[in-house]
Amino acid sequence: MTKVQPIPFGGYLQPRGHDDDATLTEVAPRTGGGEYLRRYWHPIALVSELGDMPLPIRVLGEDLVLFRDKSRQLGLVHKHCSHRGTSLEYGIIGQHGIRCAYHGWAYAIDGRILETPSEAPGSTIRERFMQGAYRTHEHRGLIFAYMGAPDSVPDFPVYDTLVWPDDNKLVPYKLEMPCNWLQVHENAADPIHTAYLHSIVSGVQFTPSFSALPVLAFKETPLGLLAIATRRCGDNLWIRASDVILPNIAQFGTGFVDGEQEKFALCAAFTRWITPVDDINCWVIGWRHFNDVIDPRHEGREEDIGLGKIDLMGQTDERPYHERQRSPGDWDAIIAQGPVAVRSAEHMTASDKGVAMLRRQIRSGIARVVDGNSPHQPQTYGTRIVPTYNNETILKVPQRTTDGDAADQAVLRAFGEKICDAVIESAELAVGERQKTVEQKVREMQKTDAFYAPSIQPQVSQTESSNV
């Protein structure tokens, strides 16, 4: 970033233009970012969106058609027929595959040409090439696609938060965002915004507990990173540790926390992907979780979740513009950065450490893919259930007022980091056993002075400017 001498009324002197480095934001085929993202499965639609007609869809800069044939198999093919280019959104769905309405060519879900009825009998043209097609996978109300090399298909990851607790109900949702995918995803690694955007500046949008300024910490995990925000709510400490999973997944706790009721939730209220449509559009798509552990008071509203809606304020542009100006939410703060955020114009500080860490991880993954290697993260688990790290914990840890605010800040830091260390170290335990073991360990620490011990991690002052 060009350094500018601070001068009052110096707007004329500020740098202009856009980022020259699009490494992190490009998603099209044959770009570094696009090839990196194509190493993974991405949700592309709600099952409820797909009826008995083809669904035109744009994903990772490619125009495609999604359909379900009459044998109930899903197909995802290039939009334009490989014969003369008409759109298969007008294709006729058959028992197996889809038929172009223009000249009758029929395609299987894997792109094989089944028939070319407009050609002479005995024509072998259908054996010479295929329609572009991608693998799909249907899971719990979402349709996923893998758009990478066909000889390197990864196992579909099933996260532990999807199967625990036993009564966990998953409700799918999908929101449109008219901007680049990365600035939406970075919001997950920016826990300080929950205090300002959702309470202090914009007014209380979730609960008043969010107005307490948190102590921040960030830890790398085998999947990505944990963005840890620890707050004091009277005699209780509340840790909200959000799971940021490479390349574009995140998990969060609820928005209904009041900080008064003890809670131990090694699970999630949201599991969401940011699926790029192209360089300047994306979807927030995933599941809202309903269970007694993450939401013991049953404050979530299932009826407000689905296509274009979610039960948290400020996640879409449904409110009138003047209302959003008075109390902007995540949608407004993220979209207002522009179609592609100009990162060279930022002035990042220590509270942005999680965002910087995420960018470094993604940049490293892109570089490895460009060099012909596999990314180091996220760790792959084959067909095993994948352990994740999102946790929301509220425990009684009274303030030692005689030690002063600085000492209490150290308590908050130790509380957040030691709980997250226990969560990370427990990853090899079986689902269910893991949650019980970690809770038992944390409650044993609660009985001792463990949370009052200084954190072993070196800290950076919240006010210190940092080359993050």
# chains A, B, ... in the order shown; residues from 1 in each chain; ligands from 1
$ residues_around --residues "A:Gly432" --least-positions-apart "5" --cutoff "9 Å" --atoms "only C-alpha atoms" --output "ChimeraX atom specification"
/A:164-166,437
$ residues_around --residues "A:Leu213" --least-positions-apart "4" --cutoff "12 Å" --atoms "only C-alpha atoms" --output "PyMOL selection string"
chain A and resi 191-200+208-209+229-233+238-239+351+409+412+462
$ write_last_selection --atoms "N, CA, C and O atoms" --output "compact mmCIF listing (two decimals), in the first residue's frame"
# COMPACT_ATOMS: atom_id res chain seq x y z
N PRO A 191 -13.95 -11.42 14.55
CA PRO A 191 -14.91 -11.45 15.67
C PRO A 191 -15.16 -10.10 16.33
O PRO A 191 -16.18 -9.93 17.00
N ILE A 192 -14.26 -9.12 16.18
CA ILE A 192 -14.47 -7.83 16.84
C ILE A 192 -15.69 -7.11 16.27
O ILE A 192 -16.33 -6.31 16.96
N HIS A 193 -16.04 -7.42 15.02
CA HIS A 193 -17.19 -6.73 14.42
C HIS A 193 -18.49 -7.07 15.13
O HIS A 193 -19.45 -6.29 15.06
N THR A 194 -18.55 -8.23 15.80
CA THR A 194 -19.81 -8.60 16.46
C THR A 194 -20.17 -7.64 17.58
O THR A 194 -21.34 -7.46 17.89
N ALA A 195 -19.15 -7.01 18.19
CA ALA A 195 -19.43 -6.02 19.23
C ALA A 195 -19.90 -4.70 18.64
O ALA A 195 -20.91 -4.13 19.08
N TYR A 196 -19.21 -4.22 17.62
CA TYR A 196 -19.51 -2.90 17.07
C TYR A 196 -20.71 -2.93 16.13
O TYR A 196 -21.68 -2.19 16.31
N LEU A 197 -20.66 -3.78 15.10
CA LEU A 197 -21.72 -3.79 14.10
C LEU A 197 -23.04 -4.28 14.68
O LEU A 197 -24.11 -3.76 14.34
N HIS A 198 -22.98 -5.27 15.59
CA HIS A 198 -24.21 -5.88 16.07
C HIS A 198 -24.69 -5.34 17.40
O HIS A 198 -25.66 -5.86 17.96
N SER A 199 -24.01 -4.31 17.91
CA SER A 199 -24.49 -3.77 19.19
C SER A 199 -24.06 -2.32 19.41
O SER A 199 -24.89 -1.42 19.45
N ILE A 200 -22.76 -2.06 19.57
CA ILE A 200 -22.29 -0.76 20.04
C ILE A 200 -22.65 0.37 19.09
O ILE A 200 -23.15 1.43 19.50
N PRO A 208 -27.94 -7.96 24.04
CA PRO A 208 -27.05 -6.96 24.63
C PRO A 208 -25.68 -7.52 25.02
O PRO A 208 -24.71 -6.75 25.11
N SER A 209 -25.57 -8.83 25.21
CA SER A 209 -24.28 -9.41 25.61
C SER A 209 -23.20 -9.16 24.57
O SER A 209 -22.00 -9.12 24.90
N ALA A 229 -13.43 -15.11 20.52
CA ALA A 229 -13.83 -13.88 21.20
C ALA A 229 -14.36 -14.26 22.59
O ALA A 229 -15.32 -15.02 22.69
N THR A 230 -13.70 -13.74 23.64
CA THR A 230 -14.09 -14.08 25.01
C THR A 230 -14.56 -12.81 25.73
O THR A 230 -13.83 -11.82 25.77
N ARG A 231 -15.77 -12.87 26.27
CA ARG A 231 -16.39 -11.71 26.91
C ARG A 231 -16.71 -12.03 28.37
O ARG A 231 -16.95 -13.18 28.73
N ARG A 232 -16.78 -10.97 29.17
CA ARG A 232 -17.27 -11.10 30.53
C ARG A 232 -18.73 -10.66 30.58
O ARG A 232 -19.09 -9.59 30.06
N CYS A 233 -19.56 -11.52 31.20
CA CYS A 233 -20.97 -11.21 31.41
C CYS A 233 -21.23 -11.39 32.91
O CYS A 233 -21.65 -12.47 33.35
N TRP A 238 -17.92 -15.82 28.63
CA TRP A 238 -18.53 -16.39 27.43
C TRP A 238 -17.50 -16.42 26.32
O TRP A 238 -16.97 -15.39 25.93
N ILE A 239 -17.21 -17.62 25.84
CA ILE A 239 -16.32 -17.77 24.70
C ILE A 239 -17.16 -18.12 23.48
O ILE A 239 -17.98 -19.04 23.51
N SER A 351 -6.45 -6.27 15.62
CA SER A 351 -7.75 -6.96 15.69
C SER A 351 -8.08 -7.67 14.38
O SER A 351 -9.01 -8.48 14.34
N GLN A 409 -8.41 -9.12 32.01
CA GLN A 409 -8.21 -9.37 30.58
C GLN A 409 -7.37 -10.62 30.37
O GLN A 409 -7.62 -11.44 29.48
N LEU A 412 -9.61 -13.63 30.86
CA LEU A 412 -10.41 -13.88 29.67
C LEU A 412 -9.59 -14.58 28.59
O LEU A 412 -10.04 -15.53 27.94
N GLN A 462 -4.23 -4.63 21.64
CA GLN A 462 -5.33 -4.31 20.74
C GLN A 462 -5.13 -2.99 20.01
O GLN A 462 -5.68 -2.76 18.95
$ residues_around --residues "stretch 144-157 of chain A" --least-positions-apart "3" --cutoff "9 Å" --atoms "only C-alpha atoms" --output "list in words"
Glu35, Tyr36, Leu37, Arg38, Arg39, Tyr40, Trp41, His42, Pro43, Ile44, Ala45, Leu60, Leu76, Ala133, Tyr134, Arg135, Thr136, His137, Glu138, His139, Thr380, Tyr381, Gly382, Thr383, Arg384, Ile385 and Val386 of chain A
$ closest_residue --among "A:Ile57, A:Leu395, A:Ile109, A:Leu307" --to "A:Phe264" --atoms "only C-alpha atoms"
A:Leu395
$ closest_atom_pairs --of "stretch 184-263 of chain A" --to "stretch 269-292 of chain A" --cutoff "7 Å" --atoms "only C-alpha atoms" --output "JSON lines"
{"residue": "A:His185", "atom": "CA", "partner": "A:Ile274", "partner_atom": "CA", "distance": 6.2}
{"residue": "A:Asn248", "atom": "CA", "partner": "A:Ile274", "partner_atom": "CA", "distance": 5.5}
{"residue": "A:Ile249", "atom": "CA", "partner": "A:Trp273", "partner_atom": "CA", "distance": 4.4}
{"residue": "A:Ala250", "atom": "CA", "partner": "A:Arg272", "partner_atom": "CA", "distance": 5.6}
{"residue": "A:Gln251", "atom": "CA", "partner": "A:Thr271", "partner_atom": "CA", "distance": 4.6}
{"residue": "A:Phe252", "atom": "CA", "partner": "A:Phe270", "partner_atom": "CA", "distance": 5.3}
{"residue": "A:Gly253", "atom": "CA", "partner": "A:Ala269", "partner_atom": "CA", "distance": 4.9}
{"residue": "A:Thr254", "atom": "CA", "partner": "A:Ala269", "partner_atom": "CA", "distance": 5.5}
$ residues_around --residues "A:Lys353" --least-positions-apart "3" --cutoff "9 Å" --atoms "only C-alpha atoms" --output "ChimeraX atom specification"
/A:189-190,217-218,348-350,356-358,466,468
$ closest_residue --among "A:Asn236, A:Ser242, A:Ser374, A:Asn187" --to "A:Gln315" --atoms "only C-alpha atoms"
A:Asn187
$ select_by_dssp --residues "stretch 16-109 of chain A" --states "strand (DSSP E)" --output "tab-separated table (two decimals) with N, CA, C and O atoms, in the first residue's frame"
chain	number	residue	atom	x	y	z
A	41	TRP	N	-15.56	-29.81	-2.74
A	41	TRP	CA	-16.99	-29.83	-2.97
A	41	TRP	C	-17.61	-28.50	-2.50
A	41	TRP	O	-17.23	-27.98	-1.47
A	42	HIS	N	-18.57	-27.99	-3.28
A	42	HIS	CA	-19.26	-26.75	-2.92
A	42	HIS	C	-20.77	-26.95	-3.06
A	42	HIS	O	-21.23	-27.52	-4.05
A	43	PRO	N	-21.57	-26.45	-2.11
A	43	PRO	CA	-23.02	-26.47	-2.30
A	43	PRO	C	-23.43	-25.45	-3.35
A	43	PRO	O	-22.91	-24.32	-3.36
A	44	ILE	N	-24.32	-25.85	-4.23
A	44	ILE	CA	-24.71	-24.96	-5.33
A	44	ILE	C	-26.20	-24.67	-5.37
A	44	ILE	O	-26.64	-23.76	-6.08
A	45	ALA	N	-27.01	-25.44	-4.63
A	45	ALA	CA	-28.45	-25.21	-4.67
A	45	ALA	C	-29.11	-25.92	-3.49
A	45	ALA	O	-28.57	-26.88	-2.94
A	46	LEU	N	-30.27	-25.43	-3.12
A	46	LEU	CA	-31.15	-26.16	-2.21
A	46	LEU	C	-31.89	-27.21	-3.03
A	46	LEU	O	-32.27	-26.97	-4.18
A	55	LEU	N	-32.52	-26.23	-14.23
A	55	LEU	CA	-32.26	-25.00	-13.49
A	55	LEU	C	-30.94	-24.39	-13.98
A	55	LEU	O	-29.87	-24.95	-13.74
A	56	PRO	N	-31.01	-23.26	-14.71
A	56	PRO	CA	-29.76	-22.60	-15.10
A	56	PRO	C	-29.06	-22.05	-13.88
A	56	PRO	O	-29.71	-21.46	-12.99
A	57	ILE	N	-27.77	-22.20	-13.83
A	57	ILE	CA	-27.02	-21.83	-12.63
A	57	ILE	C	-25.62	-21.43	-13.04
A	57	ILE	O	-25.06	-21.97	-14.01
A	58	ARG	N	-25.05	-20.46	-12.34
A	58	ARG	CA	-23.68	-20.02	-12.60
A	58	ARG	C	-22.85	-20.28	-11.35
A	58	ARG	O	-23.21	-19.85	-10.25
A	59	VAL	N	-21.75	-21.00	-11.48
A	59	VAL	CA	-20.89	-21.37	-10.37
A	59	VAL	C	-19.44	-21.26	-10.80
A	59	VAL	O	-19.07	-21.74	-11.88
A	62	GLU	N	-18.69	-20.30	-14.33
A	62	GLU	CA	-19.13	-21.16	-15.42
A	62	GLU	C	-20.66	-21.21	-15.47
A	62	GLU	O	-21.32	-21.32	-14.43
A	63	ASP	N	-21.20	-21.15	-16.68
A	63	ASP	CA	-22.65	-21.25	-16.88
A	63	ASP	C	-23.03	-22.72	-17.06
A	63	ASP	O	-22.54	-23.40	-17.97
A	64	LEU	N	-23.92	-23.18	-16.18
A	64	LEU	CA	-24.27	-24.60	-16.11
A	64	LEU	C	-25.78	-24.78	-16.05
A	64	LEU	O	-26.53	-23.81	-15.89
A	65	VAL	N	-26.20	-26.02	-16.18
A	65	VAL	CA	-27.61	-26.39	-16.00
A	65	VAL	C	-27.66	-27.57	-15.05
A	65	VAL	O	-26.98	-28.58	-15.25
A	66	LEU	N	-28.48	-27.44	-14.01
A	66	LEU	CA	-28.69	-28.49	-13.03
A	66	LEU	C	-30.06	-29.11	-13.28
A	66	LEU	O	-31.04	-28.39	-13.51
A	67	PHE	N	-30.14	-30.44	-13.23
A	67	PHE	CA	-31.42	-31.10	-13.45
A	67	PHE	C	-31.45	-32.44	-12.73
A	67	PHE	O	-30.42	-32.98	-12.33
A	68	ARG	N	-32.64	-32.97	-12.56
A	68	ARG	CA	-32.83	-34.32	-12.05
A	68	ARG	C	-33.63	-35.10	-13.09
A	68	ARG	O	-34.76	-34.71	-13.43
A	74	LEU	N	-29.13	-36.85	-10.40
A	74	LEU	CA	-28.80	-35.44	-10.61
A	74	LEU	C	-27.79	-35.29	-11.74
A	74	LEU	O	-26.84	-36.08	-11.86
A	75	GLY	N	-27.98	-34.24	-12.54
A	75	GLY	CA	-27.02	-33.91	-13.59
A	75	GLY	C	-26.62	-32.45	-13.49
A	75	GLY	O	-27.46	-31.59	-13.16
A	76	LEU	N	-25.36	-32.16	-13.75
A	76	LEU	CA	-24.84	-30.79	-13.80
A	76	LEU	C	-23.95	-30.70	-15.02
A	76	LEU	O	-22.86	-31.28	-15.05
A	77	VAL	N	-24.42	-30.01	-16.04
A	77	VAL	CA	-23.71	-29.97	-17.32
A	77	VAL	C	-23.51	-28.53	-17.77
A	77	VAL	O	-24.19	-27.61	-17.31
A	78	HIS	N	-22.56	-28.36	-18.69
A	78	HIS	CA	-22.36	-27.04	-19.29
A	78	HIS	C	-23.66	-26.58	-19.94
A	78	HIS	O	-24.39	-27.39	-20.54
A	92	ILE	N	-35.07	-31.03	-22.64
A	92	ILE	CA	-36.17	-31.90	-22.24
A	92	ILE	C	-35.58	-33.03	-21.39
A	92	ILE	O	-34.72	-33.79	-21.86
A	93	ILE	N	-36.04	-33.13	-20.16
A	93	ILE	CA	-35.50	-34.14	-19.25
A	93	ILE	C	-36.10	-35.50	-19.60
A	93	ILE	O	-37.30	-35.65	-19.78
A	98	ILE	N	-30.64	-35.60	-20.35
A	98	ILE	CA	-31.37	-34.43	-20.85
A	98	ILE	C	-31.17	-34.33	-22.35
A	98	ILE	O	-30.10	-34.66	-22.89
A	99	ARG	N	-32.20	-33.89	-23.07
A	99	ARG	CA	-32.17	-33.82	-24.52
A	99	ARG	C	-32.29	-32.36	-24.96
A	99	ARG	O	-33.18	-31.64	-24.50
A	106	ALA	N	-29.04	-35.98	-27.08
A	106	ALA	CA	-29.33	-36.35	-25.70
A	106	ALA	C	-28.02	-36.63	-24.96
A	106	ALA	O	-27.12	-37.27	-25.51
A	107	TYR	N	-27.95	-36.16	-23.71
A	107	TYR	CA	-26.74	-36.29	-22.90
A	107	TYR	C	-27.04	-37.00	-21.59
A	107	TYR	O	-28.03	-36.71	-20.92
$ closest_residue --among "A:Ala414, A:Ala367, A:Ala341, A:Leu162" --to "A:Leu216" --atoms "only C-alpha atoms"
A:Ala414
